[in-house]
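**Student:** Encoded as structure tokens, here's the structure I'll be asking about.
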Amino acid sequence: MESSPLRALSRRSILPSRSTFAICLALALAGMSAAAADSGMAHMSGHMYMTAPRPVQAGDQQKADAIAADAKTAMGPYKDYHKALADGFEIFLPNIPQPIYHFTKLENGRAAWSHFDPLKPTSLLYKKTPDGGYQLVGAMYTARVDATEDEINQRIPLSIATWHQHVNFCKAPEDRKREYFGPNAKFGLLGSIHTKEACDAEGGEFHPHIFGWMVHVYPYETDPKKVWAVDDDDNHVSMGHSAMPGMKMN
């Protein structure tokens, strides 16, 4: 029998046509931060692609600063997370402990496939507070999965921000879902399988990409390096360039 978090995700999946896949993916995503802190980083490196930094061009910093300012404006009404919920942002995996919680508005994510509006982020980023509430810390923008790096550079310069994609996802056979997790995980974003050949050999279903391009911004930060950090935890981790909701997969 599914636990209550799984039942909740089944009902409100961001990928409703593939609810089982979404459940496994979501749980894998929720475990990625823990894996990074432990020995899972080696496996994660095969499931993330991050853009390499480009040389700074004239106007790049000013453009990025303007987008961060727009992000802060867009976030302003949602310091009270109840307002975000009322306006259609949905908490991704509210019952699974995470360093950062994504409150996602699918309408904004779909619009981002074709148009970039810094006043309409796909997700708002919150940290859980000791009293059970949420503290607003950032926003996430997205782009369609097949956008070129030149295209996303036009949205937010790659000299300033690091965009990322989740890649090489091997969906486990129905009777092997437990192998998404643990130190010997084979499937999903924590698994040791990174290629279609290895996935096929294990009877899995391979997806070169899941979701789309993503980038985080933390406009309340005062250190410029932290404003466009890849992730925001206690150490403001930025992993750099490696092979690692525009909610689309292929």
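In the structure tokens, chains take letters A, B, ... by order of appearance, with residues numbered from 1 within each chain and ligands from 1 in the order shown.
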Env of region 57-61 of chain A: 12 Å cut, atoms = only C-alpha atoms, seq-sep filter 6 positions within chain, self excluded. Answer as a VMD selection string.
**Tutor:** chain A and resid 67 to 68 153 to 161 224 to 225 227 to 228
**Student:** In region 51-137 of chain A, what's strand (DSSP E) per DSSP? Answer as a list in words?
**Tutor:**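 Matching residues for strand (DSSP E) in region 51-137 of chain A are Glu90, Ile91, Tyr101, His102, Phe103, Thr104, Ser123, Leu124, Leu125, Tyr126, Lys127, Lys128, Tyr134, Gln135, Leu136 and Val137 of chain A.
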**Student:** From the set A:Cys170, A:Leu124, A:Ala71, A:Ala112, which residue has the shortest atom-to-atom contact distance to Ile91 (chain A), counting only C-alpha atoms?
**Tutor:**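 Of the candidates, the smallest distance to Ile91 (chain A) is held by A:Leu124.
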**Student:** Fewer than 5 positions away in the same chain doesn't count, so skip those; otherwise give me all residues within 10 Å of Phe103 (chain A), counting only C-alpha atoms, as a count of residues only.
**Tutor:** 18
**Student:** Give me, as JSON, numbers by chain, all polymer residues having an atom no more than 10 Å from Ile152 (chain A), counting only C-alpha atoms and skipping those fewer than 2 positions away in the same chain.
**Tutor:** {"A": [51, 116, 142, 143, 144, 147, 148, 149, 150, 154, 155, 156, 157, 158, 163, 213, 214, 215]}
**Student:** Write the residues you've just listed into a file as a compact mmCIF listing (two decimals), in the first residue's frame, and include all heavy atoms for each of them.
**Tutor:**
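Below you can see part.txt, which holds the result:
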```
# COMPACT_ATOMS: atom_id res chain seq x y z
N THR A 51 25.48 24.06 -17.55
CA THR A 51 26.12 24.87 -18.57
C THR A 51 27.49 25.35 -18.10
O THR A 51 27.68 25.70 -16.93
CB THR A 51 25.25 26.09 -18.94
OG1 THR A 51 24.96 26.84 -17.75
CG2 THR A 51 23.96 25.65 -19.59
N PHE A 116 9.97 34.15 -22.24
CA PHE A 116 10.59 34.38 -20.94
C PHE A 116 10.05 35.65 -20.32
O PHE A 116 10.18 36.74 -20.88
CB PHE A 116 12.11 34.47 -21.08
CG PHE A 116 12.81 34.77 -19.78
CD1 PHE A 116 12.65 33.95 -18.68
CD2 PHE A 116 13.64 35.88 -19.65
CE1 PHE A 116 13.29 34.21 -17.48
CE2 PHE A 116 14.30 36.15 -18.47
CZ PHE A 116 14.12 35.31 -17.37
N THR A 142 12.44 28.39 -15.98
CA THR A 142 12.61 27.19 -16.79
C THR A 142 12.56 27.55 -18.27
O THR A 142 12.13 28.63 -18.66
CB THR A 142 11.52 26.15 -16.48
OG1 THR A 142 10.23 26.75 -16.70
CG2 THR A 142 11.60 25.67 -15.05
N ALA A 143 13.02 26.60 -19.09
CA ALA A 143 12.92 26.70 -20.54
C ALA A 143 12.70 25.30 -21.09
O ALA A 143 12.99 24.31 -20.40
CB ALA A 143 14.19 27.31 -21.14
N ARG A 144 12.21 25.21 -22.30
CA ARG A 144 11.90 23.91 -22.86
C ARG A 144 13.17 23.06 -22.97
O ARG A 144 14.28 23.59 -23.13
CB ARG A 144 11.22 24.04 -24.22
CG ARG A 144 12.10 24.54 -25.33
CD ARG A 144 11.34 24.72 -26.64
NE ARG A 144 12.26 24.88 -27.76
CZ ARG A 144 12.89 26.01 -28.04
NH1 ARG A 144 12.70 27.09 -27.29
NH2 ARG A 144 13.72 26.07 -29.07
N ALA A 147 15.67 23.59 -25.91
CA ALA A 147 16.24 24.91 -26.16
C ALA A 147 17.76 24.81 -26.23
O ALA A 147 18.38 24.05 -25.47
CB ALA A 147 15.84 25.89 -25.06
N THR A 148 18.36 25.55 -27.14
CA THR A 148 19.82 25.54 -27.24
C THR A 148 20.42 26.41 -26.14
O THR A 148 19.74 27.25 -25.53
CB THR A 148 20.28 26.08 -28.60
OG1 THR A 148 19.94 27.48 -28.68
CG2 THR A 148 19.61 25.33 -29.74
N GLU A 149 21.71 26.22 -25.90
CA GLU A 149 22.38 27.05 -24.89
C GLU A 149 22.42 28.51 -25.34
O GLU A 149 22.42 29.41 -24.50
CB GLU A 149 23.77 26.49 -24.57
CG GLU A 149 23.70 25.15 -23.86
CD GLU A 149 25.01 24.71 -23.22
OE1 GLU A 149 25.88 25.57 -22.99
OE2 GLU A 149 25.16 23.51 -22.95
N ASP A 150 22.46 28.75 -26.63
CA ASP A 150 22.39 30.13 -27.11
C ASP A 150 21.04 30.76 -26.74
O ASP A 150 20.97 31.94 -26.38
CB ASP A 150 22.60 30.20 -28.63
CG ASP A 150 24.04 30.00 -29.02
OD1 ASP A 150 24.93 30.19 -28.16
OD2 ASP A 150 24.29 29.66 -30.20
N GLN A 154 20.26 33.89 -24.05
CA GLN A 154 19.52 35.11 -24.34
C GLN A 154 18.56 35.45 -23.20
O GLN A 154 18.24 36.62 -22.98
CB GLN A 154 18.74 34.95 -25.64
CG GLN A 154 19.61 34.93 -26.88
CD GLN A 154 20.36 36.25 -27.07
OE1 GLN A 154 19.79 37.32 -26.95
NE2 GLN A 154 21.66 36.15 -27.35
N ARG A 155 18.11 34.44 -22.47
CA ARG A 155 17.19 34.69 -21.34
C ARG A 155 17.97 35.20 -20.12
O ARG A 155 17.67 36.27 -19.60
CB ARG A 155 16.44 33.40 -20.99
CG ARG A 155 15.49 32.95 -22.08
CD ARG A 155 14.57 31.83 -21.61
NE ARG A 155 13.57 31.51 -22.63
CZ ARG A 155 12.44 30.88 -22.39
NH1 ARG A 155 12.15 30.48 -21.16
NH2 ARG A 155 11.58 30.64 -23.36
N ILE A 156 18.94 34.42 -19.69
CA ILE A 156 19.79 34.83 -18.57
C ILE A 156 21.21 34.44 -18.95
O ILE A 156 21.49 33.26 -19.20
CB ILE A 156 19.38 34.14 -17.26
CG1 ILE A 156 17.91 34.40 -16.94
CG2 ILE A 156 20.27 34.62 -16.10
CD1 ILE A 156 17.38 33.61 -15.75
N PRO A 157 22.14 35.38 -19.02
CA PRO A 157 23.48 35.10 -19.55
C PRO A 157 24.20 33.98 -18.81
O PRO A 157 24.24 33.93 -17.58
CB PRO A 157 24.20 36.44 -19.37
CG PRO A 157 23.11 37.47 -19.34
CD PRO A 157 21.95 36.80 -18.67
N LEU A 158 24.80 33.08 -19.60
CA LEU A 158 25.54 31.95 -19.03
C LEU A 158 26.86 32.39 -18.41
O LEU A 158 27.52 31.59 -17.75
CB LEU A 158 25.79 30.90 -20.11
CG LEU A 158 24.54 30.29 -20.76
CD1 LEU A 158 24.92 29.22 -21.77
CD2 LEU A 158 23.63 29.70 -19.70
N TRP A 163 22.61 27.31 -15.82
CA TRP A 163 21.40 26.54 -16.07
C TRP A 163 21.73 25.06 -15.95
O TRP A 163 22.87 24.65 -16.15
CB TRP A 163 20.87 26.81 -17.47
CG TRP A 163 20.31 28.18 -17.72
CD1 TRP A 163 21.00 29.35 -17.88
CD2 TRP A 163 18.92 28.52 -17.86
NE1 TRP A 163 20.13 30.39 -18.11
CE2 TRP A 163 18.85 29.91 -18.11
CE3 TRP A 163 17.73 27.78 -17.83
CZ2 TRP A 163 17.66 30.58 -18.31
CZ3 TRP A 163 16.54 28.44 -18.02
CH2 TRP A 163 16.49 29.83 -18.26
N TRP A 213 15.20 22.82 -19.05
CA TRP A 213 16.24 23.67 -18.47
C TRP A 213 15.69 24.38 -17.22
O TRP A 213 14.54 24.81 -17.20
CB TRP A 213 16.68 24.73 -19.47
CG TRP A 213 17.52 24.22 -20.59
CD1 TRP A 213 17.13 24.04 -21.90
CD2 TRP A 213 18.90 23.85 -20.53
NE1 TRP A 213 18.19 23.58 -22.65
CE2 TRP A 213 19.29 23.45 -21.83
CE3 TRP A 213 19.84 23.82 -19.50
CZ2 TRP A 213 20.58 23.02 -22.13
CZ3 TRP A 213 21.13 23.39 -19.79
CH2 TRP A 213 21.50 23.00 -21.09
N MET A 214 16.54 24.51 -16.20
CA MET A 214 16.16 25.19 -14.97
C MET A 214 17.31 26.09 -14.51
O MET A 214 18.48 25.79 -14.75
CB MET A 214 15.87 24.19 -13.85
CG MET A 214 14.90 23.10 -14.21
SD MET A 214 14.71 21.92 -12.83
CE MET A 214 14.26 20.46 -13.76
N VAL A 215 16.94 27.18 -13.84
CA VAL A 215 17.94 28.05 -13.22
C VAL A 215 17.32 28.68 -11.98
O VAL A 215 16.15 29.04 -11.97
CB VAL A 215 18.43 29.14 -14.21
CG1 VAL A 215 17.30 30.09 -14.62
CG2 VAL A 215 19.61 29.93 -13.63
```
**Student:** Between CA of His164 (chain A) and CA of Ala86 (chain A), what is the distance, to one decimal in Å?
**Tutor:**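 Here the two named atoms are 29.0 Å from each other.
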**Student:** Provide the CA of Thr73 (chain A) to CA of Ile96 (chain A) distance in Å, to one decimal place.
**Tutor:** 28.8 Å
**Student:** Tell me which protein, DNA and RNA residues are within 8 Å of Thr195 (chain A), counting only C-alpha atoms, leaving out same-chain ones fewer than 2 positions away, and put them as a compact mmCIF listing (two decimals) with C-alpha atoms, in the first residue's frame.
**Tutor:**
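As written to disk, around-v3.txt reads:
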```txt
# COMPACT_ATOMS: atom_id res chain seq x y z
CA ASN A 168 20.03 10.00 -18.26
CA ILE A 193 22.89 3.56 -14.77
CA GLU A 197 22.54 0.42 -23.24
CA ALA A 198 22.89 -0.23 -19.51
CA CYS A 199 19.24 0.70 -18.94
CA PHE A 206 15.56 5.24 -20.74
```
**Student:** Just the number, please: distance in Å from CA of Val217 (chain A) to CA of Leu189 (chain A), one decimal.
**Tutor:**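 These atoms are spaced 22.8 Å apart.
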**Student:** Here is a test: counting only C-alpha atoms, which residue of A:His115, A:His209, A:Lys79, A:Lys105 is nearest to Tyr49 (chain A)?
**Tutor:** A:His209
**Student:** Quick one: of A:Tyr220, A:Tyr101, A:Phe169, A:Phe211, who's nearest to Gly133 (chain A), counting only C-alpha atoms?
**Tutor:**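 Answer, going by the shortest atom-to-atom distance: A:Tyr101.
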**Student:** Return the single residue from A:Val145, A:Val137, A:Ala111, A:Ala66 that is closest to Tyr78 (chain A), with distances computed using only C-alpha atoms.
**Tutor:** A:Val137
